[in-house]
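Data first, discussion second: the structure below is written as structure tokens.
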Amino acid sequence: MIKKDWVELPPHSQSYKDGVNYFLDIAFTKGMVEEEEILCPCSVCCNDSWEVRYVVYDHLCSKGFVKGYTEWIYHGEDESLIDLDGDSDDENSHPLKTFIINSHP
Ligand SMILES: [Zn+2]
């Protein structure tokens, strides 16, 4: 599960900066990367500009994330998994998970 509670924190706080590095780690390992650059999701670039890591870091720490970009589909968060989640009831335990736990010796 991707942690995003830091996105709402003040950009100058250490927790927010740690979160931006966490985001960048995911983006550069699982997301779309072109020649060391990723789409910058800051409020100015709006996922419309390719930037290197330190520039994206700088943008996110000064301008913050673009409004509404809560599912990081361009940065490693699986689009199909998000859609599947809409069908399942999060309050109930996962049937498959329960099965695995129960059948384990
Ligand atoms: Zn930017």
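Labeling convention for the structure tokens: chains A, B, ... as they appear, residues from 1 per chain, ligands from 1 in order of appearance.
The binding environment of ligand 1, defined as every protein, DNA or RNA residue with an atom no more than 10 Å away and counting only C-alpha atoms and all ligand atoms, comprises Leu39, Cys40, Pro41, Cys42, Ser43, Val44, Cys45, Cys46, Asn47, Asp48, Ser49, Trp50, Glu51, Val52, Val55, Val56, Tyr57, Asp58, His59, Leu60, Cys61, Ser62, Lys63, Gly64, Phe65 and Val66 of chain A.
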Just to be explicit: take each residue in the selection above, keep C-alpha atoms, and write the result as a PDB file, in the first residue's frame.
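Printed below is selection22.pdb as written:
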ATOM      1  CA  LEU A  39       6.579  13.490 -15.497  1.00  0.00           C
ATOM      2  CA  CYS A  40       6.542  16.225 -12.877  1.00  0.00           C
ATOM      3  CA  PRO A  41       3.273  16.077 -10.882  1.00  0.00           C
ATOM      4  CA  CYS A  42       3.692  19.514  -9.297  1.00  0.00           C
ATOM      5  CA  SER A  43       0.958  22.148  -9.438  1.00  0.00           C
ATOM      6  CA  VAL A  44       2.782  24.044 -12.215  1.00  0.00           C
ATOM      7  CA  CYS A  45       3.896  21.188 -14.515  1.00  0.00           C
ATOM      8  CA  CYS A  46       0.674  19.154 -14.021  1.00  0.00           C
ATOM      9  CA  ASN A  47       2.236  15.896 -15.307  1.00  0.00           C
ATOM     10  CA  ASP A  48       2.929  17.671 -18.572  1.00  0.00           C
ATOM     11  CA  SER A  49       6.681  18.159 -18.285  1.00  0.00           C
ATOM     12  CA  TRP A  50       9.555  15.647 -18.027  1.00  0.00           C
ATOM     13  CA  GLU A  51      12.060  16.533 -15.340  1.00  0.00           C
ATOM     14  CA  VAL A  52      15.016  14.897 -13.599  1.00  0.00           C
ATOM     15  CA  VAL A  55      13.967  19.174 -10.249  1.00  0.00           C
ATOM     16  CA  VAL A  56      10.810  17.202  -9.418  1.00  0.00           C
ATOM     17  CA  TYR A  57      11.894  17.149  -5.774  1.00  0.00           C
ATOM     18  CA  ASP A  58      12.416  20.887  -5.844  1.00  0.00           C
ATOM     19  CA  HIS A  59       9.047  21.517  -7.531  1.00  0.00           C
ATOM     20  CA  LEU A  60       7.111  19.306  -5.119  1.00  0.00           C
ATOM     21  CA  CYS A  61       8.756  20.927  -2.100  1.00  0.00           C
ATOM     22  CA  SER A  62       8.029  24.457  -3.339  1.00  0.00           C
ATOM     23  CA  LYS A  63       4.791  24.168  -5.361  1.00  0.00           C
ATOM     24  CA  GLY A  64       3.199  20.969  -4.045  1.00  0.00           C
ATOM     25  CA  PHE A  65       1.295  18.309  -5.967  1.00  0.00           C
ATOM     26  CA  VAL A  66      -1.167  19.252  -8.685  1.00  0.00           C
TER      27      VAL A  66
END
Straight-line distance linking CA of Gly31 in chain A with CA of Arg53 in chain A, stated in Å to one decimal: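 CA of Gly31 in chain A sits 12.7 Å away from CA of Arg53 in chain A.
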Minimum-distance residue to Leu24 in chain A, chosen among A:Pro10, A:Ile38, A:Tyr69, A:Lys3 (using only C-alpha atoms):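 The closest residue to Leu24 in chain A is A:Ile38.
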Range 10-80 of chain A: residues DSSP assigns to helix (DSSP H, G or I), reported as a PyMOL selection string: chain A and resi 14-30+53-62+79-80
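From CA of Asp18 in chain A back to CA of Trp6 in chain A, the distance works out to 8.5 Å.
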Pick from A:Glu35, A:Lys4, A:Lys67, A:Tyr74 nearest to Val20 in chain A, counting only C-alpha atoms: A:Lys4
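Pairwise distance (CA of Gly76 in chain A, CA of Lys30 in chain A) equals 4.3 Å.
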Strand (DSSP E) call set, DSSP backbone run, range 22-80 of chain A, as a list in words: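 Output for range 22-80 of chain A, strand (DSSP E) only: Glu37, Ile38, Leu39, Trp50, Glu51 and Val52 of chain A.
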